[in-house]
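Asks: Dropping a structure here in structure tokens format, bear with me for questions.
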Amino acid sequence: MIDFLQNTLDGLALGSSYALLALGFTLIFGVLRRANLAYGPAILFGCYCATWAYLETGIGLLFLALIAVAGSALAGIYVERLCFAPHRKGAAAAAMVASFALWMQFEELATLALPRHLYAFPALYEGGPLSLGRLTLRVESLVMLVAAILVCAALWGVLYRSRFGTAVRAVIDSPAAAELSGISVSAVSLRVFALASAIGGLTGFLIVSGDQQLTPMLGMWSTLKGMLAMMLGGLGSLPGAIAGGVALGLLEAHSQWYLGPQLRDFIAYLLLFILLAVRPPWMNTRSAY
Amino acid sequence: MDEYAIGVLTNIGLFSFVALSAWLLLVAGELSFGQQAFFGVGAYAAGICTAMLGWPLPLAALAAMALGAAAAALVGLPTLRLRGLYFAMATLAAAEMLRILFELFHWQIALGDERIGPDGTQGFRGIRWMFERGVEPLDFLAIVWILLVGVMVIFLRIENSRLGATLRALGHDPELARSAGIDVDRLKLCVVAAGGALAALGGALFAHHNTYIEPRNFDIMLGVHSLAYGLIGGLGTVFGPLLGVVLDIGVLEATRSLHGYRMIVFGGLVALLLVFRPRGLLDERAVHWIKSRL
């Protein structure tokens with residue numbers, strides 16, 4: 001029983017990072033109806049910028065977080081302008097392949113700047129884990145959980161309580177109608193990209209400072225986990241992204257404990273495949289890229 | 001021809017098979033992120049047939065193609081009605097499951113004084129049929145390209161047939177195709193199975209060229225690359241994916257001096273190319289233009 005509770009707690013912590021990744025993905029997907037394969041690599045770019053700054057100057061964590069967020073947002077803007085703005089009408093496959101080409105670009109840029117396979121990153125928290133009775137919880141996980149809740153709340157505020165949010169929701173409902181009522185779809189999509197990538201950058205920073213290390217695998221990992229969590233929750237819905245992320249985290253934590261890491265990944269993909277084949281009502285599988 | 005050139009040309013031929021299989025699905029209107037898995041199925045199946053069971057390569061390649069087609073049909077059957085990103089994610093999930101199964105696949109038999117067979121993440125070494133039969137690299141290059149040309153001739157014939165028009169109709173708009181009396185589900189299943197067989201044939205040759213395969217050879221990177229080849233080269237003609245492979249591997253080999261900057265330049269160029277030609281260099285319009293001048 002104690003193992004089960006501990007796994008659930010670990011799963012929640014892992015799931016909150018997946019939920020954050022899926023939120024950024026879903027935001028982009030909702031506005032553009034396109035999957036951005038370069039989402040994870042943009043996060044990688046931001047985190048490499050932060051690591052580089054740390055190695056060069058040794059500045060503090062807060063600045064590193066800012067650099068990671070700003071770097072990811074900039075990378076996101078670059079991806080939007082080059083891969084998604086030109087393909088707004090049709091050509092979904094071209095947009096996806098173009099974002100893959102930029103993925104390769106970011107990865108090479110990162111390994112060119114910092115060629116080693118592994119870099120140490122300053123720890124988010126130096127002390128040991130908290131203990132709750134016989135359960136333990138890492139402080140980093142707690143921070144991730146709190147960050148996920150705060151980002152959700154802030155995002156909700158932006159989307160439902162601001163003029164920009166109204167424009168975003170109008171574009172999600174119908175880009176053509178939004179354009180007719182004077183909203184610039186191009187400007188909205190650019191800003192959504194920057195916002196989503198900034199959320200990704202924050203998530204990436206929390207992940208690498210929690211793990212205290214950075215590898216070039218972060219890019220592919222973020223894209224795969226974010227897409228998986230987004231798909232599990234049904235595409236393009238913010239509550240769905242959070243639910244999908246948490247569900248994926250719980251599933252992974254439990255299956256890793258009982259079955260090992262290889263079957264953990266297998267089960268996550270199997271669940272996605274079955275859900276796609278069965279198409280439960282919350283997965284709205286109309287034509288979408 | 002020196003060994004280096006032979007190696008490059010062989011690689012171009014080998015990856016053209018998996019690129020063609022992804023292109024076939026693109027023409028039929030679907031994005032697959034999973035063709036690498038059928039390439040892997042072919043590689044493992046053919047390797048087992050020659051190195052462990054002692055079959056001749058042609059028979060092993062046929063078995064690999066049958067298994068590749070079966071695996072693809074198995075993935076295709078429950079996902080027939082999915083479109084766009086949903087289909088792409090379903091194929092990705094299936095391909096990653098297969099890759100993990102390769103990692104868990106241990107089956108070795110003692111041959112002489114060594115043990116041969118797939119050994120999980122350690123890979124599968126000793127697929128030496130070519131070496132044992134004294135097939136020279138130049139002969140192997142000829143085998144690969146003769147098979148590739150054969151496949152392309154079949155595609156060119158299909159292109160100008162009723163089946164080709166049906167395929168393009170399916171790719172253009174499945175609902176419209178259905179209303180025109182095309183059995184969309186059956187056609188799509190056939191396309192998926194044919195793509196699986198084609199990728200598996202490439203995999204079978206790849207395994208015998210490399211003599212060593214491991215699960216990592218068949219990860220998502222290969223899948224997205226093969227998808228990109230068709231889209232860079234163009235969706236208008238069967239020469240499109242070949243052009244994509246030649247551009248990528250050719251540029252890779254020609255710009256060794258740029259080592260380290262290659263993907264930065266190439267990645268940006270691909271993204272830019274797709275801005276101006278979203279259906280690739282040799283898209284339908286370009287092909288039509290070329291045909292009208294011939």
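Naming scheme: A, B, ... for chains in displayed order of the structure tokens; residues 1 onward per chain; ligands 1 onward as shown.
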Determine, counting only C-alpha atoms, which protein, DNA and RNA residues have an atom within 8 Å of an atom of Ile213 in chain B; residues of the same chain fewer than 5 positions away are not included. Present the result as a list of chain:residue names.
Replies: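 Once the nearby chain positions are removed, what remains is B:Ala43, B:Tyr44, B:Gly123, B:Phe124, B:Arg125, B:Ala207.
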Asks: Provide as a list in words the residues of chain A at most 7 Å from chain B, counting only C-alpha atoms.
Replies: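 Putting it all together, I get Leu82, Cys83, Pro86, Ala91, Ala94, Val97, Ala98, Ala101, Leu102, Met104, Gln105, Glu108, Leu109, Leu112, Gln262, Phe266, Tyr269, Leu270, Leu272, Phe273, Leu276, Ala277, Thr285, Ser287, Ala288 and Tyr289 of chain A.
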Asks: Env of Ile172 in chain A: 12 Å cut, atoms = only C-alpha atoms, seq-sep filter 6 positions within chain, self excluded. Answer as JSON, numbers by chain.
Replies: {"A": [26, 27, 28, 29, 30, 31, 32, 33, 34, 159, 165, 166, 178, 179, 183, 185, 188, 189, 192, 236, 237]}
Asks: Residues of the last selection are to be written out with N, CA, C and O atoms, as a PDB file, in the first residue's frame.
Replies:
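Ended up saving to out_36.pdb:
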```
ATOM      1  N   THR A  26      -1.012  22.041 -26.691  1.00  0.00           N
ATOM      2  CA  THR A  26      -2.436  22.193 -26.967  1.00  0.00           C
ATOM      3  C   THR A  26      -2.771  23.612 -27.383  1.00  0.00           C
ATOM      4  O   THR A  26      -3.597  23.837 -28.263  1.00  0.00           O
ATOM      5  N   LEU A  27      -2.115  24.562 -26.736  1.00  0.00           N
ATOM      6  CA  LEU A  27      -2.348  25.967 -27.066  1.00  0.00           C
ATOM      7  C   LEU A  27      -2.030  26.204 -28.542  1.00  0.00           C
ATOM      8  O   LEU A  27      -2.809  26.800 -29.284  1.00  0.00           O
ATOM      9  N   ILE A  28      -0.868  25.728 -28.969  1.00  0.00           N
ATOM     10  CA  ILE A  28      -0.465  25.876 -30.367  1.00  0.00           C
ATOM     11  C   ILE A  28      -1.420  25.119 -31.270  1.00  0.00           C
ATOM     12  O   ILE A  28      -1.881  25.626 -32.286  1.00  0.00           O
ATOM     13  N   PHE A  29      -1.760  23.893 -30.847  1.00  0.00           N
ATOM     14  CA  PHE A  29      -2.634  23.083 -31.686  1.00  0.00           C
ATOM     15  C   PHE A  29      -4.007  23.716 -31.838  1.00  0.00           C
ATOM     16  O   PHE A  29      -4.576  23.753 -32.924  1.00  0.00           O
ATOM     17  N   GLY A  30      -4.531  24.232 -30.727  1.00  0.00           N
ATOM     18  CA  GLY A  30      -5.861  24.818 -30.764  1.00  0.00           C
ATOM     19  C   GLY A  30      -5.939  25.974 -31.750  1.00  0.00           C
ATOM     20  O   GLY A  30      -6.895  26.104 -32.509  1.00  0.00           O
ATOM     21  N   VAL A  31      -4.916  26.825 -31.748  1.00  0.00           N
ATOM     22  CA  VAL A  31      -4.952  28.011 -32.594  1.00  0.00           C
ATOM     23  C   VAL A  31      -4.665  27.662 -34.050  1.00  0.00           C
ATOM     24  O   VAL A  31      -5.300  28.167 -34.966  1.00  0.00           O
ATOM     25  N   LEU A  32      -3.691  26.764 -34.287  1.00  0.00           N
ATOM     26  CA  LEU A  32      -3.238  26.528 -35.657  1.00  0.00           C
ATOM     27  C   LEU A  32      -3.755  25.238 -36.264  1.00  0.00           C
ATOM     28  O   LEU A  32      -3.658  25.058 -37.465  1.00  0.00           O
ATOM     29  N   ARG A  33      -4.301  24.336 -35.440  1.00  0.00           N
ATOM     30  CA  ARG A  33      -4.662  22.988 -35.902  1.00  0.00           C
ATOM     31  C   ARG A  33      -3.437  22.302 -36.521  1.00  0.00           C
ATOM     32  O   ARG A  33      -3.546  21.615 -37.533  1.00  0.00           O
ATOM     33  N   ARG A  34      -2.283  22.566 -35.971  1.00  0.00           N
ATOM     34  CA  ARG A  34      -1.057  21.968 -36.491  1.00  0.00           C
ATOM     35  C   ARG A  34      -0.223  21.466 -35.309  1.00  0.00           C
ATOM     36  O   ARG A  34      -0.202  22.105 -34.266  1.00  0.00           O
ATOM     37  N   LEU A 159      -6.754  33.703 -20.977  1.00  0.00           N
ATOM     38  CA  LEU A 159      -7.674  33.278 -22.032  1.00  0.00           C
ATOM     39  C   LEU A 159      -9.098  33.767 -21.808  1.00  0.00           C
ATOM     40  O   LEU A 159      -9.816  34.047 -22.757  1.00  0.00           O
ATOM     41  N   GLY A 165      -7.040  37.133 -24.855  1.00  0.00           N
ATOM     42  CA  GLY A 165      -7.620  35.800 -24.692  1.00  0.00           C
ATOM     43  C   GLY A 165      -8.882  35.628 -25.519  1.00  0.00           C
ATOM     44  O   GLY A 165      -9.115  34.572 -26.117  1.00  0.00           O
ATOM     45  N   THR A 166      -9.692  36.679 -25.562  1.00  0.00           N
ATOM     46  CA  THR A 166     -10.906  36.617 -26.381  1.00  0.00           C
ATOM     47  C   THR A 166     -10.539  36.395 -27.845  1.00  0.00           C
ATOM     48  O   THR A 166     -11.164  35.582 -28.540  1.00  0.00           O
ATOM     49  N   ALA A 178     -12.847  35.057 -37.213  1.00  0.00           N
ATOM     50  CA  ALA A 178     -12.031  35.973 -36.419  1.00  0.00           C
ATOM     51  C   ALA A 178     -11.394  37.030 -37.319  1.00  0.00           C
ATOM     52  O   ALA A 178     -11.381  38.221 -36.999  1.00  0.00           O
ATOM     53  N   GLU A 179     -10.890  36.579 -38.470  1.00  0.00           N
ATOM     54  CA  GLU A 179     -10.259  37.490 -39.426  1.00  0.00           C
ATOM     55  C   GLU A 179     -11.273  38.546 -39.880  1.00  0.00           C
ATOM     56  O   GLU A 179     -10.970  39.736 -39.967  1.00  0.00           O
ATOM     57  N   ILE A 183      -9.712  40.624 -36.263  1.00  0.00           N
ATOM     58  CA  ILE A 183      -8.592  40.071 -35.492  1.00  0.00           C
ATOM     59  C   ILE A 183      -7.510  39.636 -36.473  1.00  0.00           C
ATOM     60  O   ILE A 183      -7.808  38.978 -37.470  1.00  0.00           O
ATOM     61  N   VAL A 185      -5.158  37.116 -37.401  1.00  0.00           N
ATOM     62  CA  VAL A 185      -4.850  35.733 -37.039  1.00  0.00           C
ATOM     63  C   VAL A 185      -3.338  35.536 -36.950  1.00  0.00           C
ATOM     64  O   VAL A 185      -2.832  34.835 -36.082  1.00  0.00           O
ATOM     65  N   VAL A 188      -2.059  36.907 -33.642  1.00  0.00           N
ATOM     66  CA  VAL A 188      -2.492  36.046 -32.534  1.00  0.00           C
ATOM     67  C   VAL A 188      -1.657  34.775 -32.513  1.00  0.00           C
ATOM     68  O   VAL A 188      -1.174  34.347 -31.463  1.00  0.00           O
ATOM     69  N   SER A 189      -1.440  34.178 -33.693  1.00  0.00           N
ATOM     70  CA  SER A 189      -0.715  32.910 -33.705  1.00  0.00           C
ATOM     71  C   SER A 189       0.740  33.118 -33.284  1.00  0.00           C
ATOM     72  O   SER A 189       1.306  32.293 -32.572  1.00  0.00           O
ATOM     73  N   VAL A 192       0.673  33.481 -29.509  1.00  0.00           N
ATOM     74  CA  VAL A 192       0.384  32.198 -28.860  1.00  0.00           C
ATOM     75  C   VAL A 192       1.620  31.307 -28.884  1.00  0.00           C
ATOM     76  O   VAL A 192       1.942  30.640 -27.902  1.00  0.00           O
ATOM     77  N   GLY A 236      -6.453  19.719 -28.309  1.00  0.00           N
ATOM     78  CA  GLY A 236      -6.931  21.091 -28.357  1.00  0.00           C
ATOM     79  C   GLY A 236      -7.765  21.544 -27.175  1.00  0.00           C
ATOM     80  O   GLY A 236      -8.358  22.603 -27.219  1.00  0.00           O
ATOM     81  N   SER A 237      -7.795  20.760 -26.092  1.00  0.00           N
ATOM     82  CA  SER A 237      -8.543  21.241 -24.928  1.00  0.00           C
ATOM     83  C   SER A 237      -7.586  21.403 -23.753  1.00  0.00           C
ATOM     84  O   SER A 237      -6.764  20.525 -23.479  1.00  0.00           O
TER      85      SER A 237
END
```
Asks: For CA of Leu243 in chain B and CA of Glu80 in chain A, quote the distance in Å rounded to one decimal.
Replies: 27.1 Å
Asks: Report as a count of residues only: the residues of range 184-286 of chain A with a DSSP assignment of alpha helix (DSSP H), based on the backbone of this structure.
Replies: 82
Asks: What is the distance between CA of Pro261 in chain A and CA of Tyr125 in chain A, in Å to one decimal?
Replies: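 Atom-to-atom, CA of Pro261 in chain A to CA of Tyr125 in chain A, that is 26.5 Å.
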Asks: Give me, please, the distance in Å between CA of Arg186 in chain B and CA of Arg162 in chain B, quoted to one decimal.
Replies: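 According to the coordinates, CA of Arg186 in chain B and CA of Arg162 in chain B are separated by 15.7 Å.
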Asks: Skipping near chain neighbours, those fewer than 3 positions away, what residues fall within 12 Å of Leu61 in chain A using only C-alpha atoms, listed as a ChimeraX atom specification?
Replies: /A:50-51,53-54,57-58,64-68,121-125,205-206,208-210,212
Asks: Can you pull out the residues contacting Phe131 in chain B? Cut-off 10 Å, using only C-alpha atoms, and skip same-chain residues under 6 positions away; I want them as a ChimeraX atom specification.
Replies: /B:137,208-209,211
Asks: Output C-alpha atoms for every residue in that selection, as a PDB file, in the first residue's frame.
Replies:
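To be explicit, this is the file written out as out-v8.pdb:
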```pdb
ATOM      1  CA  PRO B 137      30.076  -4.435 -52.600  1.00  0.00           C
ATOM      2  CA  HIS B 208      22.636  -7.571 -45.062  1.00  0.00           C
ATOM      3  CA  HIS B 209      24.560  -4.465 -46.028  1.00  0.00           C
ATOM      4  CA  THR B 211      25.685  -7.137 -41.079  1.00  0.00           C
TER       5      THR B 211
END
```
Asks: Can you tell me, as a PDB file with C-alpha atoms, in the first residue's frame, what residues are no more than 12 Å from Ile249 in chain B when counting only C-alpha atoms, ignoring any on the same chain fewer than 5 positions away?
Replies:
```pdb
ATOM      1  CA  ALA B   5      31.304   6.044 -53.653  1.00  0.00           C
ATOM      2  CA  GLY B   7      28.936   2.926 -49.969  1.00  0.00           C
ATOM      3  CA  VAL B   8      27.210   6.266 -50.546  1.00  0.00           C
ATOM      4  CA  LEU B   9      25.263   4.994 -53.557  1.00  0.00           C
ATOM      5  CA  THR B  10      24.208   1.853 -51.695  1.00  0.00           C
ATOM      6  CA  ASN B  11      22.942   3.937 -48.780  1.00  0.00           C
ATOM      7  CA  ILE B  12      20.991   6.190 -51.117  1.00  0.00           C
ATOM      8  CA  GLY B  13      19.366   3.095 -52.610  1.00  0.00           C
ATOM      9  CA  LEU B  14      18.581   1.518 -49.236  1.00  0.00           C
ATOM     10  CA  PHE B  15      16.933   4.579 -47.729  1.00  0.00           C
ATOM     11  CA  SER B  16      15.000   5.176 -50.938  1.00  0.00           C
ATOM     12  CA  HIS B 225      13.399  11.564 -42.222  1.00  0.00           C
ATOM     13  CA  SER B 226      11.699   9.215 -44.670  1.00  0.00           C
ATOM     14  CA  TYR B 229      12.396  12.903 -48.170  1.00  0.00           C
ATOM     15  CA  LEU B 242      14.632   9.518 -54.517  1.00  0.00           C
ATOM     16  CA  LEU B 243      15.549  13.160 -55.110  1.00  0.00           C
ATOM     17  CA  GLY B 244      14.965  13.832 -51.395  1.00  0.00           C
ATOM     18  CA  ALA B 254      29.532  16.650 -50.107  1.00  0.00           C
ATOM     19  CA  THR B 255      29.719  19.010 -47.129  1.00  0.00           C
ATOM     20  CA  ARG B 256      31.943  17.059 -44.781  1.00  0.00           C
ATOM     21  CA  ARG B 262      25.435  20.962 -41.931  1.00  0.00           C
ATOM     22  CA  MET B 263      22.059  20.560 -40.254  1.00  0.00           C
ATOM     23  CA  PHE B 266      20.244  22.189 -44.448  1.00  0.00           C
TER      24      PHE B 266
END
```
Asks: Using backbone DSSP assignments, extract all strand (DSSP E) residues from range 106-265 of chain A; output them as an MDAnalysis selection string.
Replies: chainID A and resid 119:120 130:132 135:137 213:214
Asks: Find the residue from B:Leu222, B:Val151, B:Ala142, B:Ala37 that sits nearest to Leu20 in chain B; use only C-alpha atoms when measuring.
Replies: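 Closest to Leu20 in chain B of all the choices is B:Val151.
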Asks: Between B:Ile109, B:Ile143, B:Val192, B:Ala63, which has the minimum distance to Leu205 in chain B (counting only C-alpha atoms)?
Replies: B:Ile143
